[in-house]
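Working notes for the structure below.
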Amino acid sequence: MDKYQVAAVLDEIGTLLELQGENSFRCNAYHNAARSLEQTEESLADLIKQDRLGEIRGIGDAMKEKITTLVGDGRLPYHEELKKKIPPGLLQMLRLPGLGPKKAKALYDHLGVQSIDELRAACEQGKVAGLKGFGAKSQQKILEGLPFFEQAGQRVRLDQALTIGESLLAAVRAAPGVIRAELCGSARRRKETIADIDLLVSAKDSGPVMDLFVTLPGVNQVIGRGDTKSTILVSAGGATLNADLRVVTDEQFPFALHYFTGSKDHNIAIRARAQSYGLKLNEYELAGDGRKVKCKDEADLFRALDLDYIPPELREMTGEIQAAAEHRLPTLIEIDDLTGTFHCHTDWSDGKNTLAEMAGAARALGFKYLGIADHSPSLTIANGLSPERVRRQHEEIDALNKTFKGFRLFKGIECDILADGRLDYEDTVLATFDYVVASVHSHFGQTQEEMTARILRAVSHPLVTMLGHATGRLLLRREGYKVDLDAVLQAAAKQGTMVEINAHPQRLDIDWIHCKRAKALGVKIVINPDAHSTHELELVRYGIDVARRGWLEKKDVFNTQSPAQVAKALNAAKHA
C-alpha cells in the first residue's frame, strides 16, 4: 500500500470508531494520522525502512505498528474486525449530505436504521424528525439527498478507482507468461466516477495469472474464478470495487482491448461500420468473406475501417467516428504541455505549505511558474487574507521571485463571489493581483435565476481573470448548485474570462461536456489543481483527463504557454 491507501484505511478506522461511539480523542487520532500521512513528502516505504515514521506528527508507536502492517501485508486485522461490527449500510449512509457518524449512530441506536432503504422508510414515516438533533428540516434534507445517492450508486471517484486499477495492473503484468496487459472500461476512458475495474491480459496459459489475481493483497472476496475470466471484490485507497480480469490470446488482444474499453454506444457504431465493409467485429476478431483481418494493436483495427486512431477518452459517441473518418480528430492535450498552474493555496490561508515550499514543488514538477491564489477575507474558516495581509504576501512573493532563475510566482487570489455577485475586495485591492480567480463558496441554496445572475455579474467584472469550480459540485457527495452554465460560458466568452477545470478529483469541475461547449464558444480553459499542499499540485493530471474527454488541444488551454506569454496575457487582461 502507498501512503494514500494507508491514509484511507486509517481515516475509515476513525469513522468506524465514531460509529461505535468511541471518544473523540481516539477517533481523531486516526483522522489526524491519515491527514499527516497524506501530506508527508517522503516515501512511506523509506520512512518505514529507516524507522522514521515516528517523526510524522500524530504517529506514535501503536500507529506505527498498524501502518507497517498495512504496508507490508496490504491489510490490517484490526480494521477488518471493526468493519465486521458495523452494518455496511451505516458507512453508505455517511455519503448523504449532512449525515455524519454521530447522526448515523443515533439513527441506528434509536430507530434501528442500518441501511439506505430503512433510512428512507423512517424519513417517510416521520420518525427521523422526532429524534433529538434532527428535526423536520434534517429529515427533508435526507430525503432530498437520497435520489442523488441512488444515482451515484456504488461508484467511486476516478482517483480511487485508478489507485486500485493501476495497482492490479502492475501486479498482473508481472505474472508469469503475461504478454500484454491493460486497464479497460470507464477507467481507461477516464470517466469521473467508476463502477468497476476491467483488466485485460494476453497470455498463452491463463492459469498463473488467474492464480495470482485471486490471491492479491486487498482481495476481500473471490466472486468467480475461471479459465478466461475471474472476478474479485477488492479494497484500496478507501474504496471497494469489483474487478474483472479477462485473459485472451495475443492475437485477440487488440479486438478485446477495444471491446472492453467501450463505451457501449461507440462499440455499436464501430461494429456497424465494420458490417458496412462486409466484416464482423467482436471481442475476438475482425473477419468476413472467409478471411480474418490481422491487427497488432487498436490502431490497426481503426485503420482497417479507414479511421484514424481514436483515443479512449473520446469514445463516447459524440462525433469521434465521423471526425476520425474525415481526419479531423483533435491532437489532444498532454500532461507535459502544462507549463504551470494558478489555483493554489499556501499557509497564508488554509494551505499546508509555505510559498517557498509550493514554489519548490512546482519547479520539481517541471513548471516554469506557479500562481498563488489564497482565500479572500469573507471565507474566515479558511483564514482569508485581509488587504493588509495581501500586501505582506505580495512582498514575500516579490522577495522570492528575486531568488528564482527561470521560474516565477504570480500573485493571485481566490476571491469569493458574494451572494449578490459582488466581489470580496474593493477594485483597488483586486488591481494589485496579477490575476483573480472568482469562486462561489456560500449560499448554495439560491434559485437558478439568483445563482446565474450572481455568477454572471462576477465573470463580467473586468478584473476577474478566471471562474473557479463553476458548479460547486463534490463528486458523489454534493450536487452542484443550480446554475445556467451555458449562459455563464457565453458571458465568459463575451468578456474574455477564462474558466477553470478544477482538477481536484473531488470536483472535476467543469466537466468534459461543458469543456467541449466552452471550446465551441471560444472560452479559454485553465487547468488548476486547487492544491492545498505541495503533493496536490500533481492533481493536474485529472484535469488533463477532463480536458482530453472534452476534445481540448494544447491551444485551448491557457496554462500551456511560456511564462512570458502568460505574464503578457495576464497584464493585458488586467489593463483592458
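Starting from 1 in every chain, residues are counted up; chains themselves are A, B, ... following the order of the C-alpha cells, and ligands are numbered from 1 as listed.
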
If you count only C-alpha atoms, which residues fall within 12 Å of A:Tyr425, apart from same-chain ones fewer than 4 positions away, as a PyMOL selection string? chain A and resi 375-378+384-388+390+413-418+421+429-433+436+438+463-464

Write out as a VMD selection string the residues lying within 12 Å of A:Val209, counting only C-alpha atoms and excluding same-chain residues fewer than 2 positions away. chain A and resid 168 to 181 199 to 207 211 to 216 225 to 230 245 to 248

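Using only C-alpha atoms, the protein and nucleic acid residues lying no more than 9 Å from A:Arg473, apart from those fewer than 3 places from it along its own chain, are His469, Ala470, Leu476, Arg477, Arg478, Glu479, Gly480, Tyr481, Gln506, Arg507, Leu508 and Asp509 of chain A.
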
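The shell of residues at most 10 Å from A:Ile513, with only C-alpha atoms counted and near chain neighbours (fewer than 3 positions) removed, consists of Thr318, Ile510, Lys516, Arg517, Ala518, Val546, Ala547, Arg549, Gly550 and Trp551 of chain A.
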
Select from stretch 78-304 of chain A everything DSSP, run on the backbone, classes as strand (DSSP E or B), then give the selection as a PyMOL selection string. chain A and resi 156-157+178-183+193-194+196-203+219-225+229-236+239-248+280-281+286-288+291-292

Two-atom distance - atom CA of A:Met451, atom CA of A:Val557 (Å):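 One can read the atom CA of A:Met451 to atom CA of A:Val557 distance as 26.2 Å.
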
All residues 10 Å or closer to A:Arg120, only C-alpha atoms, same chain fewer than 4 positions away omitted, as a PyMOL selection string: chain A and resi 113+115-116+124-126+128+139+142-143+146

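Atom pair atom CA of A:Met358 / atom CA of A:Ser439 has a distance of 21.6 Å (rounded to one decimal).
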
Excluding A:Gln20 and its own-chain neighbours fewer than 4 positions away, which residues fall within 12 Å of it when counting only C-alpha atoms? Please give them as a list in words. Ile13, Gly14, Thr15, Leu16, Ser24, Arg26, Cys27, Leu82, Lys83, Lys84, Lys85, Ile86, Pro87, Leu90, Leu91, Pro101, Lys102, Lys103, Ala104, Lys105, Ala106, Tyr108 and Asp109 of chain A

Next, dump the selected residues to file, keeping only N, CA, C and O atoms, as an mmCIF file, in the first residue's frame.
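What ended up in out19.cif:
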data_model
loop_
_atom_site.group_PDB
_atom_site.id
_atom_site.type_symbol
_atom_site.label_atom_id
_atom_site.label_comp_id
_atom_site.auth_asym_id
_atom_site.auth_seq_id
_atom_site.Cartn_x
_atom_site.Cartn_y
_atom_site.Cartn_z
ATOM 1 N N ILE A 13 -10.920 3.821 9.817
ATOM 2 C CA ILE A 13 -10.906 3.318 11.196
ATOM 3 C C ILE A 13 -11.457 4.380 12.141
ATOM 4 O O ILE A 13 -12.267 4.088 13.033
ATOM 5 N N GLY A 14 -11.020 5.635 11.956
ATOM 6 C CA GLY A 14 -11.550 6.717 12.774
ATOM 7 C C GLY A 14 -13.054 6.838 12.660
ATOM 8 O O GLY A 14 -13.757 7.037 13.663
ATOM 9 N N THR A 15 -13.574 6.703 11.439
ATOM 10 C CA THR A 15 -15.018 6.780 11.217
ATOM 11 C C THR A 15 -15.736 5.600 11.857
ATOM 12 O O THR A 15 -16.804 5.763 12.482
ATOM 13 N N LEU A 16 -15.180 4.405 11.724
ATOM 14 C CA LEU A 16 -15.782 3.217 12.334
ATOM 15 C C LEU A 16 -15.835 3.349 13.855
ATOM 16 O O LEU A 16 -16.826 2.951 14.497
ATOM 17 N N SER A 24 -13.929 11.071 21.169
ATOM 18 C CA SER A 24 -13.452 11.832 20.008
ATOM 19 C C SER A 24 -11.934 11.862 19.928
ATOM 20 O O SER A 24 -11.369 11.909 18.838
ATOM 21 N N ARG A 26 -9.790 9.456 20.567
ATOM 22 C CA ARG A 26 -9.297 8.255 19.896
ATOM 23 C C ARG A 26 -9.636 8.278 18.402
ATOM 24 O O ARG A 26 -8.819 7.904 17.563
ATOM 25 N N CYS A 27 -10.847 8.718 18.092
ATOM 26 C CA CYS A 27 -11.262 8.791 16.675
ATOM 27 C C CYS A 27 -10.384 9.767 15.901
ATOM 28 O O CYS A 27 -9.897 9.468 14.806
ATOM 29 N N LEU A 82 -13.140 -4.296 13.015
ATOM 30 C CA LEU A 82 -14.034 -3.153 13.212
ATOM 31 C C LEU A 82 -15.162 -3.159 12.179
ATOM 32 O O LEU A 82 -16.334 -2.883 12.508
ATOM 33 N N LYS A 83 -14.828 -3.456 10.932
ATOM 34 C CA LYS A 83 -15.834 -3.449 9.861
ATOM 35 C C LYS A 83 -16.909 -4.503 10.104
ATOM 36 O O LYS A 83 -18.082 -4.303 9.765
ATOM 37 N N LYS A 84 -16.520 -5.621 10.699
ATOM 38 C CA LYS A 84 -17.497 -6.683 10.969
ATOM 39 C C LYS A 84 -18.525 -6.258 12.017
ATOM 40 O O LYS A 84 -19.639 -6.773 12.054
ATOM 41 N N LYS A 85 -18.137 -5.308 12.876
ATOM 42 C CA LYS A 85 -19.029 -4.877 13.960
ATOM 43 C C LYS A 85 -20.033 -3.814 13.518
ATOM 44 O O LYS A 85 -20.966 -3.500 14.254
ATOM 45 N N ILE A 86 -19.812 -3.252 12.347
ATOM 46 C CA ILE A 86 -20.655 -2.143 11.873
ATOM 47 C C ILE A 86 -21.437 -2.581 10.644
ATOM 48 O O ILE A 86 -20.839 -3.055 9.672
ATOM 49 N N PRO A 87 -22.774 -2.448 10.649
ATOM 50 C CA PRO A 87 -23.538 -2.763 9.428
ATOM 51 C C PRO A 87 -23.028 -1.950 8.242
ATOM 52 O O PRO A 87 -22.833 -0.735 8.368
ATOM 53 N N LEU A 90 -24.388 1.556 7.289
ATOM 54 C CA LEU A 90 -24.091 2.783 8.024
ATOM 55 C C LEU A 90 -23.000 3.586 7.326
ATOM 56 O O LEU A 90 -23.061 4.817 7.257
ATOM 57 N N LEU A 91 -22.000 2.892 6.805
ATOM 58 C CA LEU A 91 -20.952 3.599 6.059
ATOM 59 C C LEU A 91 -21.512 4.215 4.786
ATOM 60 O O LEU A 91 -21.123 5.316 4.392
ATOM 61 N N PRO A 101 -21.082 10.671 11.219
ATOM 62 C CA PRO A 101 -21.084 9.465 12.055
ATOM 63 C C PRO A 101 -21.991 9.552 13.282
ATOM 64 O O PRO A 101 -22.660 8.576 13.631
ATOM 65 N N LYS A 102 -22.016 10.706 13.954
ATOM 66 C CA LYS A 102 -22.844 10.823 15.162
ATOM 67 C C LYS A 102 -24.327 10.665 14.844
ATOM 68 O O LYS A 102 -25.068 9.996 15.560
ATOM 69 N N LYS A 103 -24.752 11.291 13.761
ATOM 70 C CA LYS A 103 -26.159 11.179 13.389
ATOM 71 C C LYS A 103 -26.500 9.778 12.890
ATOM 72 O O LYS A 103 -27.582 9.254 13.158
ATOM 73 N N ALA A 104 -25.575 9.171 12.153
ATOM 74 C CA ALA A 104 -25.806 7.803 11.685
ATOM 75 C C ALA A 104 -25.937 6.856 12.866
ATOM 76 O O ALA A 104 -26.786 5.950 12.871
ATOM 77 N N LYS A 105 -25.095 7.056 13.881
ATOM 78 C CA LYS A 105 -25.169 6.215 15.083
ATOM 79 C C LYS A 105 -26.485 6.426 15.823
ATOM 80 O O LYS A 105 -27.103 5.475 16.322
ATOM 81 N N ALA A 106 -26.936 7.678 15.886
ATOM 82 C CA ALA A 106 -28.213 7.969 16.547
ATOM 83 C C ALA A 106 -29.371 7.274 15.832
ATOM 84 O O ALA A 106 -30.273 6.722 16.472
ATOM 85 N N TYR A 108 -29.185 4.563 14.124
ATOM 86 C CA TYR A 108 -29.052 3.114 14.385
ATOM 87 C C TYR A 108 -29.484 2.774 15.810
ATOM 88 O O TYR A 108 -30.231 1.815 16.042
ATOM 89 N N ASP A 109 -29.038 3.581 16.774
ATOM 90 C CA ASP A 109 -29.322 3.296 18.184
ATOM 91 C C ASP A 109 -30.801 3.448 18.522
ATOM 92 O O ASP A 109 -31.362 2.643 19.272
#
